[in-house]
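File shown: data33.pdb. Contents: PDB, C-alpha atoms, pLDDT in the B column.
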```pdb
ATOM      1  CA  MET A   1     114.484  91.126  92.198  1.00 92.00           C
ATOM      2  CA  LEU A   2     112.380  94.148  91.250  1.00 97.00           C
ATOM      3  CA  ARG A   3     108.693  93.379  90.753  1.00 97.00           C
ATOM      4  CA  ALA A   4     105.781  95.476  89.537  1.00 97.00           C
ATOM      5  CA  ASP A   5     102.412  94.284  90.843  1.00 97.00           C
ATOM      6  CA  ASN A   6      99.330  95.591  89.008  1.00 96.00           C
ATOM      7  CA  LEU A   7     100.903  99.039  88.555  1.00 97.00           C
ATOM      8  CA  THR A   8      98.366 101.651  87.434  1.00 96.00           C
ATOM      9  CA  LYS A   9      98.766 105.392  86.936  1.00 95.00           C
ATOM     10  CA  VAL A  10      95.998 107.733  85.782  1.00 94.00           C
ATOM     11  CA  TYR A  11      96.402 111.431  85.017  1.00 91.00           C
ATOM     12  CA  GLY A  12      93.576 113.963  85.049  1.00 83.00           C
ATOM     13  CA  THR A  13      90.124 113.995  86.650  1.00 77.00           C
ATOM     14  CA  ARG A  14      87.538 115.235  84.144  1.00 79.00           C
ATOM     15  CA  ILE A  15      89.537 113.846  81.212  1.00 81.00           C
ATOM     16  CA  ARG A  16      91.358 110.751  82.405  1.00 85.00           C
ATOM     17  CA  THR A  17      94.489 109.424  80.728  1.00 87.00           C
ATOM     18  CA  VAL A  18      95.581 105.949  81.777  1.00 89.00           C
ATOM     19  CA  ALA A  19      99.354 106.128  81.402  1.00 92.00           C
ATOM     20  CA  VAL A  20     100.103 102.712  82.947  1.00 94.00           C
ATOM     21  CA  ASP A  21      97.338 100.130  83.082  1.00 94.00           C
ATOM     22  CA  GLY A  22      97.741  97.193  85.461  1.00 95.00           C
ATOM     23  CA  ILE A  23     101.305  96.141  84.653  1.00 96.00           C
ATOM     24  CA  THR A  24     102.736  93.131  86.475  1.00 97.00           C
ATOM     25  CA  PHE A  25     106.293  92.079  85.681  1.00 97.00           C
ATOM     26  CA  ALA A  26     109.454  90.799  87.424  1.00 97.00           C
ATOM     27  CA  PHE A  27     112.931  92.154  86.643  1.00 97.00           C
ATOM     28  CA  GLU A  28     115.820  89.832  87.485  1.00 96.00           C
ATOM     29  CA  PRO A  29     119.458  90.655  88.328  1.00 96.00           C
ATOM     30  CA  GLY A  30     122.007  90.198  85.573  1.00 96.00           C
ATOM     31  CA  ARG A  31     119.683  91.356  82.800  1.00 96.00           C
ATOM     32  CA  CYS A  32     119.209  94.540  80.805  1.00 96.00           C
ATOM     33  CA  TYR A  33     115.553  95.354  80.048  1.00 97.00           C
ATOM     34  CA  ALA A  34     114.505  97.758  77.293  1.00 96.00           C
ATOM     35  CA  ILE A  35     111.044  99.325  77.502  1.00 96.00           C
ATOM     36  CA  VAL A  36     109.894 100.437  74.052  1.00 95.00           C
ATOM     37  CA  GLY A  37     106.723 101.736  72.448  1.00 92.00           C
ATOM     38  CA  PRO A  38     105.277 104.728  70.625  1.00 89.00           C
ATOM     39  CA  SER A  39     105.083 108.170  72.204  1.00 85.00           C
ATOM     40  CA  GLY A  40     102.406 108.138  74.899  1.00 85.00           C
ATOM     41  CA  SER A  41     102.606 104.378  75.452  1.00 89.00           C
ATOM     42  CA  GLY A  42     103.701 104.817  79.086  1.00 90.00           C
ATOM     43  CA  LYS A  43     107.454 104.127  78.889  1.00 93.00           C
ATOM     44  CA  THR A  44     108.661 107.001  81.042  1.00 92.00           C
ATOM     45  CA  THR A  45     105.744 106.765  83.477  1.00 94.00           C
ATOM     46  CA  LEU A  46     106.457 103.071  84.036  1.00 96.00           C
ATOM     47  CA  LEU A  47     110.137 103.845  84.642  1.00 95.00           C
ATOM     48  CA  TYR A  48     109.260 106.542  87.177  1.00 95.00           C
ATOM     49  CA  LEU A  49     106.850 104.199  88.968  1.00 96.00           C
ATOM     50  CA  LEU A  50     109.380 101.346  89.085  1.00 97.00           C
ATOM     51  CA  SER A  51     111.976 103.690  90.566  1.00 95.00           C
ATOM     52  CA  ALA A  52     109.430 105.069  93.084  1.00 94.00           C
ATOM     53  CA  ILE A  53     109.876 108.608  91.824  1.00 93.00           C
ATOM     54  CA  GLU A  54     106.145 108.688  91.064  1.00 94.00           C
ATOM     55  CA  THR A  55     103.376 107.100  93.137  1.00 95.00           C
ATOM     56  CA  PRO A  56     100.899 104.686  91.511  1.00 96.00           C
ATOM     57  CA  ASP A  57      97.125 105.014  91.811  1.00 95.00           C
ATOM     58  CA  ARG A  58      96.889 101.249  92.221  1.00 96.00           C
ATOM     59  CA  GLY A  59      99.370  98.439  92.670  1.00 96.00           C
ATOM     60  CA  THR A  60     102.875  98.599  94.049  1.00 96.00           C
ATOM     61  CA  VAL A  61     106.543  97.803  93.438  1.00 97.00           C
ATOM     62  CA  TYR A  62     108.603  95.339  95.445  1.00 97.00           C
ATOM     63  CA  PHE A  63     112.371  95.285  95.683  1.00 96.00           C
ATOM     64  CA  ASP A  64     113.136  91.853  97.075  1.00 92.00           C
ATOM     65  CA  ASP A  65     110.485  91.693  99.837  1.00 89.00           C
ATOM     66  CA  VAL A  66     110.211  95.429 100.439  1.00 95.00           C
ATOM     67  CA  ASP A  67     107.012  97.179  99.335  1.00 96.00           C
ATOM     68  CA  LEU A  68     108.289 100.567  98.173  1.00 96.00           C
ATOM     69  CA  PHE A  69     104.925 102.264  98.572  1.00 95.00           C
ATOM     70  CA  SER A  70     104.364 101.091 102.127  1.00 95.00           C
ATOM     71  CA  MET A  71     107.003 103.694 103.065  1.00 94.00           C
ATOM     72  CA  ASP A  72     106.441 107.398 103.496  1.00 93.00           C
ATOM     73  CA  GLU A  73     108.048 109.807 101.020  1.00 92.00           C
ATOM     74  CA  ASP A  74     111.207 110.411 103.065  1.00 92.00           C
ATOM     75  CA  GLU A  75     111.771 106.696 103.610  1.00 93.00           C
ATOM     76  CA  ARG A  76     111.353 106.053  99.886  1.00 93.00           C
ATOM     77  CA  ALA A  77     113.852 108.782  99.045  1.00 91.00           C
ATOM     78  CA  ARG A  78     116.432 107.224 101.366  1.00 90.00           C
ATOM     79  CA  PHE A  79     115.712 103.764  99.935  1.00 92.00           C
ATOM     80  CA  ARG A  80     116.166 105.042  96.365  1.00 92.00           C
ATOM     81  CA  ALA A  81     119.465 106.665  97.292  1.00 89.00           C
ATOM     82  CA  ARG A  82     120.750 103.399  98.779  1.00 89.00           C
ATOM     83  CA  HIS A  83     119.578 100.985  96.089  1.00 93.00           C
ATOM     84  CA  PHE A  84     118.795 102.806  92.817  1.00 94.00           C
ATOM     85  CA  GLY A  85     120.695 104.853  90.255  1.00 92.00           C
ATOM     86  CA  PHE A  86     119.078 106.984  87.543  1.00 92.00           C
ATOM     87  CA  VAL A  87     120.350 108.237  84.181  1.00 91.00           C
ATOM     88  CA  PHE A  88     118.196 110.887  82.517  1.00 87.00           C
ATOM     89  CA  GLN A  89     117.997 111.925  78.863  1.00 81.00           C
ATOM     90  CA  HIS A  90     119.249 115.367  79.879  1.00 85.00           C
ATOM     91  CA  PHE A  91     122.520 114.922  81.701  1.00 87.00           C
ATOM     92  CA  TYR A  92     121.789 117.240  84.667  1.00 90.00           C
ATOM     93  CA  LEU A  93     125.476 117.723  85.406  1.00 94.00           C
ATOM     94  CA  ILE A  94     126.237 120.625  87.747  1.00 94.00           C
ATOM     95  CA  PRO A  95     127.989 123.130  85.439  1.00 94.00           C
ATOM     96  CA  TYR A  96     130.294 124.658  88.068  1.00 95.00           C
ATOM     97  CA  LEU A  97     131.515 121.239  89.288  1.00 95.00           C
ATOM     98  CA  ASN A  98     134.055 119.226  87.350  1.00 95.00           C
ATOM     99  CA  ALA A  99     133.458 115.616  86.260  1.00 95.00           C
ATOM    100  CA  LEU A 100     134.889 114.108  89.440  1.00 95.00           C
ATOM    101  CA  GLU A 101     132.928 116.459  91.701  1.00 95.00           C
ATOM    102  CA  ASN A 102     129.715 115.626  89.826  1.00 95.00           C
ATOM    103  CA  VAL A 103     130.298 111.933  90.505  1.00 95.00           C
ATOM    104  CA  LEU A 104     131.248 112.514  94.160  1.00 94.00           C
ATOM    105  CA  LEU A 105     127.941 114.353  94.612  1.00 91.00           C
ATOM    106  CA  ARG A 106     126.186 110.964  94.373  1.00 89.00           C
ATOM    107  CA  PHE A 107     127.876 109.839  97.609  1.00 90.00           C
ATOM    108  CA  TYR A 108     126.569 112.898  99.455  1.00 86.00           C
ATOM    109  CA  LEU A 109     123.053 112.234  98.182  1.00 81.00           C
ATOM    110  CA  LYS A 110     123.291 108.659  99.420  1.00 82.00           C
ATOM    111  CA  GLY A 111     124.497 109.887 102.799  1.00 80.00           C
ATOM    112  CA  SER A 112     127.786 108.005 102.609  1.00 82.00           C
ATOM    113  CA  LYS A 113     131.402 109.112 102.784  1.00 88.00           C
ATOM    114  CA  PRO A 114     132.676 110.276  99.378  1.00 87.00           C
ATOM    115  CA  ASP A 115     135.008 107.690  97.852  1.00 90.00           C
ATOM    116  CA  ARG A 116     137.355 109.592  95.549  1.00 92.00           C
ATOM    117  CA  ARG A 117     139.222 106.468  94.458  1.00 93.00           C
ATOM    118  CA  ARG A 118     135.979 104.735  93.448  1.00 92.00           C
ATOM    119  CA  ALA A 119     134.776 107.843  91.570  1.00 93.00           C
ATOM    120  CA  VAL A 120     138.025 108.115  89.595  1.00 93.00           C
ATOM    121  CA  GLU A 121     137.945 104.379  88.849  1.00 91.00           C
ATOM    122  CA  VAL A 122     134.387 104.540  87.467  1.00 90.00           C
ATOM    123  CA  LEU A 123     135.139 107.595  85.344  1.00 92.00           C
ATOM    124  CA  ARG A 124     138.237 105.946  83.863  1.00 91.00           C
ATOM    125  CA  ARG A 125     136.309 102.746  83.215  1.00 85.00           C
ATOM    126  CA  LEU A 126     133.902 104.840  81.139  1.00 87.00           C
ATOM    127  CA  GLY A 127     136.722 106.530  79.236  1.00 87.00           C
ATOM    128  CA  ILE A 128     136.846 109.829  81.152  1.00 91.00           C
ATOM    129  CA  ASP A 129     140.516 110.383  82.020  1.00 88.00           C
ATOM    130  CA  GLU A 130     140.775 114.173  82.068  1.00 87.00           C
ATOM    131  CA  ILE A 131     138.932 116.034  84.822  1.00 91.00           C
ATOM    132  CA  LYS A 132     137.265 119.082  83.306  1.00 94.00           C
ATOM    133  CA  LYS A 133     134.018 121.055  83.588  1.00 95.00           C
ATOM    134  CA  PRO A 134     130.941 119.570  81.833  1.00 93.00           C
ATOM    135  CA  TYR A 135     130.908 122.109  78.988  1.00 93.00           C
ATOM    136  CA  GLU A 136     134.418 120.987  77.989  1.00 95.00           C
ATOM    137  CA  TYR A 137     133.180 117.483  77.094  1.00 93.00           C
ATOM    138  CA  SER A 138     131.241 116.200  74.092  1.00 91.00           C
ATOM    139  CA  GLY A 139     127.619 115.081  74.492  1.00 88.00           C
ATOM    140  CA  GLY A 140     128.664 111.419  74.578  1.00 88.00           C
ATOM    141  CA  GLN A 141     131.266 112.109  77.250  1.00 91.00           C
ATOM    142  CA  GLN A 142     128.756 114.064  79.345  1.00 92.00           C
ATOM    143  CA  GLN A 143     126.353 111.127  79.209  1.00 90.00           C
ATOM    144  CA  ARG A 144     129.134 108.787  80.341  1.00 90.00           C
ATOM    145  CA  ILE A 145     129.821 111.116  83.280  1.00 93.00           C
ATOM    146  CA  ALA A 146     126.110 110.962  84.128  1.00 92.00           C
ATOM    147  CA  ILE A 147     126.284 107.157  84.022  1.00 90.00           C
ATOM    148  CA  ALA A 148     129.408 107.215  86.204  1.00 91.00           C
ATOM    149  CA  ARG A 149     127.544 109.351  88.732  1.00 93.00           C
ATOM    150  CA  ALA A 150     124.607 106.929  88.723  1.00 90.00           C
ATOM    151  CA  ILE A 151     126.725 103.793  89.253  1.00 89.00           C
ATOM    152  CA  ALA A 152     129.473 105.176  91.524  1.00 89.00           C
ATOM    153  CA  THR A 153     127.728 103.995  94.681  1.00 89.00           C
ATOM    154  CA  ASN A 154     127.134 100.541  93.158  1.00 88.00           C
ATOM    155  CA  PRO A 155     123.297 100.614  93.007  1.00 91.00           C
ATOM    156  CA  ASP A 156     121.337  97.383  92.751  1.00 95.00           C
ATOM    157  CA  VAL A 157     119.097  98.777  90.007  1.00 96.00           C
ATOM    158  CA  LEU A 158     120.009 101.276  87.300  1.00 95.00           C
ATOM    159  CA  PHE A 159     117.186 103.104  85.504  1.00 96.00           C
ATOM    160  CA  ALA A 160     117.832 105.033  82.286  1.00 94.00           C
ATOM    161  CA  ASP A 161     115.232 107.270  80.631  1.00 93.00           C
ATOM    162  CA  GLU A 162     115.976 107.799  76.913  1.00 89.00           C
ATOM    163  CA  PRO A 163     119.718 107.903  77.688  1.00 88.00           C
ATOM    164  CA  THR A 164     120.689 108.208  74.012  1.00 86.00           C
ATOM    165  CA  GLY A 165     118.076 110.766  72.971  1.00 82.00           C
ATOM    166  CA  ASN A 166     120.679 113.524  72.557  1.00 80.00           C
ATOM    167  CA  LEU A 167     123.486 111.378  71.148  1.00 82.00           C
ATOM    168  CA  ASP A 168     124.682 110.326  67.711  1.00 86.00           C
ATOM    169  CA  SER A 169     124.572 106.671  66.663  1.00 87.00           C
ATOM    170  CA  ARG A 170     128.183 105.928  67.664  1.00 85.00           C
ATOM    171  CA  ASN A 171     127.810 107.319  71.188  1.00 84.00           C
ATOM    172  CA  SER A 172     124.374 105.723  71.509  1.00 87.00           C
ATOM    173  CA  ARG A 173     125.875 102.303  70.919  1.00 88.00           C
ATOM    174  CA  ILE A 174     128.667 102.999  73.410  1.00 88.00           C
ATOM    175  CA  VAL A 175     126.084 103.920  76.071  1.00 86.00           C
ATOM    176  CA  PHE A 176     124.094 100.721  75.452  1.00 89.00           C
ATOM    177  CA  ASP A 177     127.298  98.682  75.606  1.00 90.00           C
ATOM    178  CA  ILE A 178     127.984 100.217  79.028  1.00 88.00           C
ATOM    179  CA  LEU A 179     124.442  99.519  80.263  1.00 91.00           C
ATOM    180  CA  ARG A 180     124.636  95.876  79.175  1.00 91.00           C
ATOM    181  CA  GLU A 181     128.040  95.531  80.839  1.00 90.00           C
ATOM    182  CA  ILE A 182     126.589  96.872  84.108  1.00 90.00           C
ATOM    183  CA  ALA A 183     123.758  94.330  83.906  1.00 94.00           C
ATOM    184  CA  SER A 184     126.171  91.479  83.240  1.00 93.00           C
ATOM    185  CA  GLY A 185     127.821  92.326  86.568  1.00 92.00           C
ATOM    186  CA  GLY A 186     124.703  91.139  88.397  1.00 95.00           C
ATOM    187  CA  LYS A 187     122.691  94.353  88.433  1.00 95.00           C
ATOM    188  CA  ILE A 188     119.215  95.091  87.110  1.00 97.00           C
ATOM    189  CA  VAL A 189     119.195  97.659  84.287  1.00 97.00           C
ATOM    190  CA  VAL A 190     115.902  99.071  82.982  1.00 97.00           C
ATOM    191  CA  VAL A 191     116.009 101.416  79.974  1.00 96.00           C
ATOM    192  CA  ALA A 192     113.139 103.356  78.406  1.00 95.00           C
ATOM    193  CA  THR A 193     114.080 104.041  74.794  1.00 93.00           C
ATOM    194  CA  HIS A 194     112.630 104.943  71.417  1.00 89.00           C
ATOM    195  CA  ASP A 195     115.569 103.268  69.650  1.00 89.00           C
ATOM    196  CA  THR A 196     114.209  99.816  68.779  1.00 89.00           C
ATOM    197  CA  GLU A 197     117.438  98.744  67.066  1.00 89.00           C
ATOM    198  CA  LEU A 198     119.526  99.320  70.191  1.00 90.00           C
ATOM    199  CA  ALA A 199     116.734  97.938  72.394  1.00 92.00           C
ATOM    200  CA  ARG A 200     117.099  94.578  70.647  1.00 91.00           C
ATOM    201  CA  THR A 201     120.664  94.345  71.963  1.00 91.00           C
ATOM    202  CA  CYS A 202     119.272  94.142  75.522  1.00 94.00           C
ATOM    203  CA  ASN A 203     118.413  90.805  77.139  1.00 95.00           C
ATOM    204  CA  VAL A 204     114.673  91.518  77.269  1.00 96.00           C
ATOM    205  CA  VAL A 205     112.531  93.909  75.227  1.00 96.00           C
ATOM    206  CA  ILE A 206     109.200  94.951  76.790  1.00 96.00           C
ATOM    207  CA  ARG A 207     106.880  96.538  74.232  1.00 96.00           C
ATOM    208  CA  LEU A 208     104.159  98.817  75.597  1.00 95.00           C
ATOM    209  CA  LYS A 209     100.921  99.884  73.941  1.00 93.00           C
ATOM    210  CA  ASP A 210      98.323 102.122  75.605  1.00 92.00           C
ATOM    211  CA  GLY A 211      99.934 101.619  79.010  1.00 93.00           C
ATOM    212  CA  ARG A 212      99.920  97.828  78.841  1.00 94.00           C
ATOM    213  CA  ILE A 213     102.526  95.208  77.985  1.00 96.00           C
ATOM    214  CA  ALA A 214     101.873  94.220  74.377  1.00 95.00           C
ATOM    215  CA  SER A 215     104.758  91.755  74.106  1.00 95.00           C
ATOM    216  CA  VAL A 216     107.939  90.548  75.786  1.00 95.00           C
ATOM    217  CA  GLU A 217     110.801  89.471  73.560  1.00 92.00           C
ATOM    218  CA  THR A 218     114.249  88.076  74.195  1.00 88.00           C
ATOM    219  CA  GLY A 219     116.856  90.405  72.765  1.00 71.00           C
ATOM    220  CA  GLY A 220     120.627  90.182  72.363  1.00 66.00           C
TER     221      GLY A 220
END
```

Show me this structure written as C-alpha cells.
Amino acid sequence: MLRADNLTKVYGTRIRTVAVDGITFAFEPGRCYAIVGPSGSGKTTLLYLLSAIETPDRGTVYFDDVDLFSMDEDERARFRARHFGFVFQHFYLIPYLNALENVLLRFYLKGSKPDRRRAVEVLRRLGIDEIKKPYEYSGGQQQRIAIARAIATNPDVLFADEPTGNLDSRNSRIVFDILREIASGGKIVVVATHDTELARTCNVVIRLKDGRIASVETGG
C-alpha cells in the first residue's frame, strides 16, 4: 500500500503558494487512481510527492511500512528505481537509441541485469513489434514505448503525469486501457490527468481543489 500522511508542499517565501495542503490518502494495489482538478490544483505536485521525486514541507509518504522521507536522497533514488515506474507527458525517449534499447535502459537505472526477453515481451504486449528509432513511431506508439520502459522492471507503483496530453482521443483511450490493465494485475497506478472523461474509467477519481481533496469518487 502507498499512503500519503498529511502531505504539504509550499512554494515561495515572500509570496507563498500552497500547492498541496495536508493530504492524507491510501492507495491500494489492484486499483487505478485518477487525480483530476483545474490547472494549479496541485495534481502534478501531489504526484511528484507521492513518488518521492519532490520533498514535502510537512507530512510524509509510506510504501508499506517504509517512510520514504526518512531516507537520504540517494537511498530514496535507489528505492524509487526498485519499486516505482514513471510515465511523463513528454516521452523522454533517447533519440539515438531504438525502442528496445530505450526499454533496456530502465534495467540499468534500477541496477539490475538487462533482461532482453522481458523488454521484447513488454513492447509486443503494448503493440510495438518493429524495433526502430523513436522518431520513426507515431506519438501514440512513442507513449507506449515510454510505458513499456516504465513497467519493464515490474514496478509496484506506476505513476503517470498527463500521459495523454500529447495524444489524440483514440491513442488516449488506448493508453488508459493499458494503465487499467496494469492495475488489474495487482499494481498501484496513479494518474494525474486533465481528461475527466477518461479519468472516470479508472477505479477511483480523486478531485483536487486548491491543493486539497475536494471529493473521492468510484469510477469505472

| field | Å distance separating atom CA of A:Arg170 from atom CA of A:Leu198, one decimal place | value |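 Separation between atom CA of A:Arg170 and atom CA of A:Leu198: 11.2 Å.
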
| said: So that I can check the surroundings of A:Leu97, please list as number ranges by chain every protein, DNA and RNA residue that reaches within 12 Å of it, counting only C-alpha atoms and ignoring chain neighbours fewer than 2 positions away. | reply: A: 92-95, 99-105, 131-136, 145

Shell of 8 Å around stretch 20-25 of chain A, only C-alpha atoms, local chain residues under 2 positions omitted, as an mmCIF file with C-alpha atoms, in the coordinates of the input:
```
data_model
loop_
_atom_site.group_PDB
_atom_site.id
_atom_site.type_symbol
_atom_site.label_atom_id
_atom_site.label_comp_id
_atom_site.auth_asym_id
_atom_site.auth_seq_id
_atom_site.Cartn_x
_atom_site.Cartn_y
_atom_site.Cartn_z
ATOM 1 C CA ARG A 3 108.693 93.379 90.753
ATOM 2 C CA ALA A 4 105.781 95.476 89.537
ATOM 3 C CA ASP A 5 102.412 94.284 90.843
ATOM 4 C CA ASN A 6 99.330 95.591 89.008
ATOM 5 C CA LEU A 7 100.903 99.039 88.555
ATOM 6 C CA THR A 8 98.366 101.651 87.434
ATOM 7 C CA LYS A 9 98.766 105.392 86.936
ATOM 8 C CA VAL A 10 95.998 107.733 85.782
ATOM 9 C CA VAL A 18 95.581 105.949 81.777
ATOM 10 C CA PHE A 27 112.931 92.154 86.643
ATOM 11 C CA GLY A 42 103.701 104.817 79.086
ATOM 12 C CA THR A 45 105.744 106.765 83.477
ATOM 13 C CA LEU A 46 106.457 103.071 84.036
ATOM 14 C CA ARG A 58 96.889 101.249 92.221
ATOM 15 C CA GLY A 59 99.370 98.439 92.670
ATOM 16 C CA ASP A 210 98.323 102.122 75.605
ATOM 17 C CA GLY A 211 99.934 101.619 79.010
ATOM 18 C CA ARG A 212 99.920 97.828 78.841
ATOM 19 C CA ILE A 213 102.526 95.208 77.985
#
```

| request: For A:Ile174, work out the shell of residues within 9 Å, counting only C-alpha atoms and skipping chain neighbours fewer than 5 positions away, then give it as a PyMOL selection string. | output: chain A and resi 140+169+179

| What does the distance between atom CA of A:Ile178 and atom CA of A:Ser112 come to in Å, to one decimal place? |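 These atoms are spaced 24.8 Å apart.
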
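Taking atom CA of A:Arg82 and atom CA of A:Arg149 as the two end points, the separation is 13.5 Å.
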
| query | Near A:Ile128, within 9 Å and counting only C-alpha atoms, which residues show up once chain neighbours fewer than 3 positions away are dropped, as a PyMOL selection string? | reply | chain A and resi 99+120+122-125+131+141+144-145

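With distances taken over all atoms listed in the file, A:Ala152 is the one residue among A:His83, A:Gln143, A:Ile206, A:Ala152 lying closest to A:Asp115.
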
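Distances from A:Leu2, A:Tyr11, A:Ala148, A:Glu28 to A:Val61 were compared using all atoms listed in the file, and the smallest one belongs to A:Leu2.
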
| field | Nearest residue to A:Asn166 from the set A:Gln142, A:Thr201, A:Gln89, A:Asn98 (distances using only C-alpha atoms) | value |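 Checking each candidate against A:Asn166, we get A:Gln89 as the closest.
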
| said: My list of candidates is A:Leu109, A:Phe84, A:Tyr62, A:Thr153. Which is closest to A:Glu121 when distances are computed with only C-alpha atoms? | reply: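 Looking only at the distances to A:Glu121, the closest residue turns out to be A:Thr153.
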
Place all heavy atoms on stretch 46-54 of chain A and deliver the coordinates as a short mmCIF file (atom, residue, chain, number, x, y, z; two decimals), keeping the file's coordinate frame.
```cif
data_model
loop_
_atom_site.label_atom_id
_atom_site.label_comp_id
_atom_site.auth_asym_id
_atom_site.auth_seq_id
_atom_site.Cartn_x
_atom_site.Cartn_y
_atom_site.Cartn_z
N LEU A 46 106.13 104.37 83.43
CA LEU A 46 106.46 103.07 84.04
C LEU A 46 107.82 103.12 84.71
O LEU A 46 107.99 102.64 85.83
CB LEU A 46 106.43 101.97 82.98
CG LEU A 46 106.82 100.57 83.47
CD1 LEU A 46 105.91 100.11 84.61
CD2 LEU A 46 106.78 99.56 82.31
N LEU A 47 108.80 103.74 84.06
CA LEU A 47 110.14 103.84 84.64
C LEU A 47 110.10 104.63 85.95
O LEU A 47 110.74 104.24 86.94
CB LEU A 47 111.07 104.52 83.65
CG LEU A 47 112.56 104.22 83.79
CD1 LEU A 47 112.85 102.79 83.38
CD2 LEU A 47 113.37 105.17 82.92
N TYR A 48 109.35 105.71 85.98
CA TYR A 48 109.26 106.54 87.18
C TYR A 48 108.50 105.83 88.30
O TYR A 48 108.79 106.05 89.49
CB TYR A 48 108.61 107.89 86.84
CG TYR A 48 109.57 108.90 86.27
CD1 TYR A 48 110.37 108.57 85.16
CD2 TYR A 48 109.70 110.16 86.80
CE1 TYR A 48 111.26 109.50 84.63
CE2 TYR A 48 110.59 111.09 86.28
CZ TYR A 48 111.36 110.75 85.19
OH TYR A 48 112.25 111.66 84.68
N LEU A 49 107.55 104.99 87.94
CA LEU A 49 106.85 104.20 88.97
C LEU A 49 107.77 103.11 89.52
O LEU A 49 107.83 102.90 90.74
CB LEU A 49 105.59 103.57 88.38
CG LEU A 49 104.46 104.51 88.00
CD1 LEU A 49 103.37 103.76 87.24
CD2 LEU A 49 103.86 105.18 89.25
N LEU A 50 108.48 102.42 88.64
CA LEU A 50 109.38 101.35 89.08
C LEU A 50 110.46 101.88 90.02
O LEU A 50 110.88 101.20 90.96
CB LEU A 50 110.03 100.68 87.88
CG LEU A 50 109.14 99.82 86.98
CD1 LEU A 50 109.89 99.43 85.71
CD2 LEU A 50 108.66 98.57 87.72
N SER A 51 110.92 103.10 89.75
CA SER A 51 111.98 103.69 90.57
C SER A 51 111.43 104.45 91.77
O SER A 51 112.19 105.05 92.52
CB SER A 51 112.82 104.63 89.71
OG SER A 51 112.03 105.65 89.14
N ALA A 52 110.11 104.42 91.94
CA ALA A 52 109.43 105.07 93.08
C ALA A 52 109.61 106.57 93.10
O ALA A 52 109.51 107.21 94.14
CB ALA A 52 109.89 104.45 94.41
N ILE A 53 109.86 107.16 91.93
CA ILE A 53 109.88 108.61 91.82
C ILE A 53 108.45 109.13 91.78
O ILE A 53 108.12 110.16 92.36
CB ILE A 53 110.68 109.05 90.58
CG1 ILE A 53 112.17 108.76 90.79
CG2 ILE A 53 110.47 110.53 90.29
CD1 ILE A 53 113.04 109.03 89.59
N GLU A 54 107.58 108.39 91.07
CA GLU A 54 106.14 108.69 91.06
C GLU A 54 105.40 107.63 91.85
O GLU A 54 105.87 106.50 92.02
CB GLU A 54 105.61 108.76 89.63
CG GLU A 54 106.04 110.00 88.88
CD GLU A 54 105.05 110.37 87.79
OE1 GLU A 54 103.84 110.07 87.92
OE2 GLU A 54 105.50 110.97 86.81
#
```
